[in-house]
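All remarks here apply to the structure that follows.
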Amino acid sequence: MDDFIAARSQMALSLGFHIVFSCIGMVMPFFMAVAHFYWLRTNDVVYRNITKAWSKGVAIFFATGAVSGTVLSFELGLLWPEFMKHAGPIFGMPFSLEGTAFFIEAIALGFFLYGWGRFNKWFHWFTGVVVGVSGLVSGILVVAANAWMNSPAGFDYVNGQYLNIDPIQAMFNDAWFSQALHMCIAAFVATGFAVAGIHALMILKKKNVRFHMQSFRIAAVFACVAALLQPLSGDISAKDVAKRQPAKLAAMEAHFHTEAAAPLIVGGIPDSKAKEVKYALKLPGMLSFMVHSDFQTPVTGLDKIPEQDQPPVAITHFAFQIMVGLGVLMLLISLCYFVAIWKKKSWLQHKWLLRLFVLATPMGFIAVEAGWTVTEVGRQPWIINGIMRTADAVTPMPGIVYSFYIFTAVYISLSLIVTFLLYRQIKMVDKLYDVSPTA
């Protein structure tokens with residue numbers, strides 16, 4: 001493994017772990033706040049227990065997210081010094097504001113965790129809401145910085161110089177809204193299905209049934225509403241990508257040839273040498289319609305992109321197909337759940353519905369990882385789209401491969417520790433908060 005591949009692999013590994021921690025940290029406080037609200041309104045001890053149990057999970061992921069996020073900030077300077085030299089003054093503002101949001105989140109979380117019985121009950125609840133809002137704002141700001149890499153703005157690039165810098169314009173670039181919307185909804189889908197799936201499993205095991213049933217309902221509603229909204233945000237994102245990054249869209253769809261009535265490709269194995277996709281289902285005109293709202297308008301293919309500027313087609317296409325496929329599965333589960341709530345209440349008593357949620361437990365996060373792969377790999381070979389190549393931004397420092405091995409061990413250890421803490425927390429929940437007569 002050469003140093004360039006090691007640097008990219010280390011960044012991918014760090015982002016892959018951090019995105020899971022950050023998604024949960026953004027979303028779980030809202031679940032916690034809803035349970036807390038129900039406790040204050042109903043005085044039902046089950047909701048108080050759910051709130052306390054989930055708050056401990058929030059604390060775990062806040063700590064791990066803080067560690068992994070700090071590591072990422074150091075890695076930007078360590079692995080990509082040329083990028084930070086030029087990009088830092090331009091897109092540094094969202095990172096600075098993200099730090100402020102992080103401090104607000106930390107203070108509010110401290111108030112919430114240690115405020116039981118010490119604050120006015122509604123102020124205490126409000127601090128939990130602040131944890132969620134500040135976490136969400138923090139995530140949006142980080143995505144805005146990434147969006148700038150896909151849609152650079154806020155400067156003039158003249159003769160290799162970055163002039164007339166406008167940090168506000170850089171932060172609110174053309175891609176920030178579509179990326180932030182898609183990422184935030186994805187975080188609710190992924191976290192919602194993961195939490196609902198764990199509680200569904202505990203219900204099937206008949207452990208502390210009432211506690212887990214109420215927990216399941218809160219998480220499932222969040223997950224299913226978000227899953228129904230996700231295709232809308234996906235459509236906005238796809239149209240935006242088609243406009244700003246035609247090479248990425250062509251790689252996502254394995255669209256080799258520019259043509260009218262461009263087909264939507266479902267599945268298939270791209271063959272970059274033969275410029276074709278094997279074993280795929282092709283829906284004539286659908287890609288043109290989805291991009292241009294017209295079945296005949298041509299869609300730019302990879303044949304219009306210089307070969308040295310083309311993203312890795314196979315990785316981008318497979319990641320995109322995984323993201324969309326899992327999104328469709330979660331959408332179908334969501335439809336089943338809402339049909340059960342509104343029309344077929346008898347379904348709620350059947351184990352098959354709970355089993356669907358158990359199967360969906362990892363789907364959201366796999367889709368998130370796949371989507372992030374599409375975003376990052378689909379931008380290659382650029383680290384700043386159309387401005388700076390990734391190969392020109394990497395550190396000249398030798399021996400990065402050893403850093404990759406060290407960080408791999410650190411992140412694997414961190415994930416094992418988090419898994420152990422969560423497992424112990426679930427076991428403690430059933431011992432401390434078992435108020436179900438049927439458990």
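By order in the structure tokens, chains are A, B, ...; within a chain, residues start at 1; ligands start at 1, following the order shown.
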For this session: Quick one: pick out all helix (DSSP H, G or I) residues within segment 41-259 of chain A from a backbone DSSP run and write them as an MDAnalysis selection string.
Result: chainID A and resid 41:42 45:79 81:114 121:150 167:171 176:204 209:244 246:252
Exercise. Can you tell me, as an MDAnalysis selection string, what residues are no more than 12 Å from segment 341-358 of chain A when counting only C-alpha atoms, ignoring any on the same chain fewer than 6 positions away?
Worked result: chainID A and resid 189:190 192:206 212:213 216:217 219:221 223:224 329:335 364
Give me a file of those residues, with C-alpha atoms, as an mmCIF file, in the first residue's frame.
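That gives us selection17.cif:
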data_model
loop_
_atom_site.group_PDB
_atom_site.id
_atom_site.type_symbol
_atom_site.label_atom_id
_atom_site.label_comp_id
_atom_site.auth_asym_id
_atom_site.auth_seq_id
_atom_site.Cartn_x
_atom_site.Cartn_y
_atom_site.Cartn_z
ATOM 1 C CA VAL A 189 -33.828 6.849 9.028
ATOM 2 C CA ALA A 190 -30.663 5.039 10.064
ATOM 3 C CA GLY A 192 -34.638 5.236 13.887
ATOM 4 C CA PHE A 193 -34.511 1.804 12.292
ATOM 5 C CA ALA A 194 -31.497 0.763 14.373
ATOM 6 C CA VAL A 195 -33.177 1.752 17.659
ATOM 7 C CA ALA A 196 -36.569 0.359 16.638
ATOM 8 C CA GLY A 197 -34.936 -2.891 15.529
ATOM 9 C CA ILE A 198 -33.168 -3.400 18.851
ATOM 10 C CA HIS A 199 -36.357 -2.787 20.823
ATOM 11 C CA ALA A 200 -38.326 -5.038 18.437
ATOM 12 C CA LEU A 201 -35.856 -7.818 19.148
ATOM 13 C CA MET A 202 -36.324 -7.395 22.889
ATOM 14 C CA ILE A 203 -40.114 -7.510 22.446
ATOM 15 C CA LEU A 204 -39.809 -10.760 20.511
ATOM 16 C CA LYS A 205 -37.710 -12.123 23.383
ATOM 17 C CA LYS A 206 -40.499 -11.029 25.775
ATOM 18 C CA HIS A 212 -39.521 -1.843 24.804
ATOM 19 C CA MET A 213 -42.909 -1.491 23.114
ATOM 20 C CA PHE A 216 -40.156 0.900 19.699
ATOM 21 C CA ARG A 217 -43.149 3.075 18.831
ATOM 22 C CA ALA A 219 -38.272 5.213 17.225
ATOM 23 C CA ALA A 220 -40.400 3.518 14.555
ATOM 24 C CA VAL A 221 -42.493 6.624 13.884
ATOM 25 C CA ALA A 223 -37.776 6.149 11.200
ATOM 26 C CA CYS A 224 -40.816 5.553 9.022
ATOM 27 C CA LEU A 329 -36.746 -1.744 1.416
ATOM 28 C CA MET A 330 -37.055 0.619 4.384
ATOM 29 C CA LEU A 331 -39.709 2.592 2.524
ATOM 30 C CA LEU A 332 -41.761 -0.587 2.063
ATOM 31 C CA ILE A 333 -41.393 -1.485 5.750
ATOM 32 C CA SER A 334 -42.527 2.041 6.632
ATOM 33 C CA LEU A 335 -45.613 1.706 4.446
ATOM 34 C CA GLY A 364 -30.011 2.502 7.471
#
Within 10 Å of Asn146 of chain A, counting only C-alpha atoms, which residues qualify if same-chain residues fewer than 3 places away don't, as a short mmCIF file (atom, residue, chain, number, x, y, z; two decimals) with C-alpha atoms, in the first residue's frame?
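selection-v5.cif, written as the output of this step:
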data_model
loop_
_atom_site.label_atom_id
_atom_site.label_comp_id
_atom_site.auth_asym_id
_atom_site.auth_seq_id
_atom_site.Cartn_x
_atom_site.Cartn_y
_atom_site.Cartn_z
CA PHE A 91 -14.43 27.00 4.25
CA PRO A 94 -18.67 26.26 9.16
CA ILE A 140 -25.50 20.57 9.01
CA LEU A 141 -22.43 22.79 9.35
CA VAL A 142 -20.05 19.89 8.75
CA VAL A 143 -22.05 18.81 5.70
CA MET A 149 -15.75 20.49 -1.79
CA ASN A 150 -18.41 19.32 -4.25
CA SER A 151 -19.51 22.84 -5.23
CA PRO A 152 -16.66 25.27 -4.50
CA MET A 171 -20.63 28.09 3.47
CA ALA A 175 -24.79 22.08 -2.75
CA TRP A 176 -25.18 22.71 0.97
CA GLN A 179 -26.69 17.59 0.91
CA ALA A 180 -27.70 18.75 4.39
CA THR A 375 -20.44 11.48 -2.35
CA GLU A 376 -16.70 11.07 -1.84
CA ILE A 383 -10.66 16.94 -3.59
CA ILE A 384 -12.04 20.38 -4.55
#
For this session: Compile the contact shell of segment 134-137 of chain A as a VMD selection string: residues with an atom at most 8 Å away, counting only C-alpha atoms, same-chain residues fewer than 3 positions apart removed.
Result: chain A and resid 25 to 27 98 101 to 102 104 to 105 130 to 131 140 to 141 184
Problem set entry | Distance in Å - atom CA of Glu253 of chain A versus atom CA of His18 of chain A | 27.2 Å
Per-residue nearest contacts segment 228-304 of chain A to segment 310-326 of chain A, cut-off 8 Å, using only C-alpha atoms, as a tab-separated table:
residue	atom	partner	partner_atom	distance
A:Ala247	CA	A:Gln310	CA	6.3
A:Lys248	CA	A:Pro311	CA	6.7
A:Ala251	CA	A:Val313	CA	4.7
A:Met252	CA	A:His317	CA	4.4
A:Glu253	CA	A:His317	CA	5.9
A:Ala254	CA	A:His317	CA	6.0
A:Val266	CA	A:Gln321	CA	7.4
A:Gly267	CA	A:Gln321	CA	6.4
A:Ile269	CA	A:Ala314	CA	7.4
A:Pro270	CA	A:Ala314	CA	5.8
A:Asp271	CA	A:Ala314	CA	7.9
A:Ser272	CA	A:Val313	CA	7.2
A:Leu302	CA	A:Gln310	CA	7.1
For this session: For segment 67-73 of chain A, please output as number ranges by chain all residues within 9 Å (counting only C-alpha atoms; exclusion window: fewer than 3 positions along the same chain).
Result: A: 11, 14-15, 17-18, 21-22, 62-64, 76-78, 411
Selected residues, C-alpha atoms, written as a CSV table (one decimal), in the first residue's frame, please.
chain,number,residue,atom,x,y,z
A,11,MET,CA,-9.6,9.2,5.8
A,14,SER,CA,-12.2,7.7,10.0
A,15,LEU,CA,-15.2,9.1,8.2
A,17,PHE,CA,-16.8,5.3,11.8
A,18,HIS,CA,-17.5,9.0,12.6
A,21,PHE,CA,-21.4,8.1,15.8
A,22,SER,CA,-22.5,11.5,14.6
A,62,PHE,CA,-21.5,12.1,22.4
A,63,ALA,CA,-18.2,11.0,23.9
A,64,THR,CA,-17.2,8.7,21.0
A,76,LEU,CA,-7.2,17.0,7.7
A,77,GLY,CA,-4.0,18.8,8.5
A,78,LEU,CA,-1.8,15.7,8.7
A,411,TYR,CA,-11.2,2.6,15.6
For this session: as a PyMOL selection string, list the residues of segment 226-319 of chain A assigned to strand (DSSP E) by DSSP on the backbone atoms of this structure.
Result: chain A and resi 264-271+276-283
Hey, can you spit out that residue selection with N, CA and C atoms as a compact mmCIF listing (two decimals), in the first residue's frame?
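Below is the file that was written, result.txt:
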# COMPACT_ATOMS: atom_id res chain seq x y z
N LEU A 264 -32.80 4.48 -17.08
CA LEU A 264 -32.41 4.31 -15.69
C LEU A 264 -31.93 2.88 -15.53
N ILE A 265 -30.71 2.72 -15.02
CA ILE A 265 -30.11 1.40 -14.89
C ILE A 265 -30.29 0.90 -13.47
N VAL A 266 -30.90 -0.27 -13.34
CA VAL A 266 -31.11 -0.89 -12.04
C VAL A 266 -30.23 -2.12 -11.95
N GLY A 267 -29.32 -2.13 -10.96
CA GLY A 267 -28.41 -3.26 -10.80
C GLY A 267 -27.34 -3.25 -11.87
N GLY A 268 -26.88 -4.44 -12.22
CA GLY A 268 -25.90 -4.57 -13.28
C GLY A 268 -24.47 -4.47 -12.80
N ILE A 269 -23.56 -4.93 -13.67
CA ILE A 269 -22.12 -4.88 -13.39
C ILE A 269 -21.46 -4.02 -14.46
N PRO A 270 -20.93 -2.85 -14.10
CA PRO A 270 -20.30 -1.98 -15.09
C PRO A 270 -19.00 -2.58 -15.63
N ASP A 271 -18.81 -2.46 -16.93
CA ASP A 271 -17.57 -2.86 -17.59
C ASP A 271 -16.98 -1.60 -18.23
N GLU A 276 -20.02 -0.58 -21.04
CA GLU A 276 -21.38 -1.11 -20.98
C GLU A 276 -21.66 -1.66 -19.58
N VAL A 277 -22.94 -1.90 -19.32
CA VAL A 277 -23.35 -2.48 -18.04
C VAL A 277 -24.01 -3.83 -18.33
N LYS A 278 -23.48 -4.86 -17.74
CA LYS A 278 -23.99 -6.21 -17.96
C LYS A 278 -25.01 -6.59 -16.90
N TYR A 279 -26.00 -7.37 -17.32
CA TYR A 279 -27.01 -7.97 -16.42
C TYR A 279 -27.86 -6.91 -15.71
N ALA A 280 -28.05 -5.75 -16.34
CA ALA A 280 -28.81 -4.68 -15.70
C ALA A 280 -30.23 -4.63 -16.25
N LEU A 281 -31.14 -4.12 -15.43
CA LEU A 281 -32.49 -3.81 -15.87
C LEU A 281 -32.50 -2.35 -16.28
N LYS A 282 -32.89 -2.08 -17.52
CA LYS A 282 -32.88 -0.71 -18.04
C LYS A 282 -34.31 -0.24 -18.28
N LEU A 283 -34.62 0.93 -17.71
CA LEU A 283 -35.94 1.53 -17.87
C LEU A 283 -35.82 2.72 -18.81
Exercise. Between A:Phe74, A:Phe211, A:Phe222, A:Phe61, which one has atoms that come closest to Phe338 of chain A, using only C-alpha atoms?
Worked result: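 Of A:Phe74, A:Phe211, A:Phe222, A:Phe61, the one nearest Phe338 of chain A, counting only C-alpha atoms, is A:Phe222.
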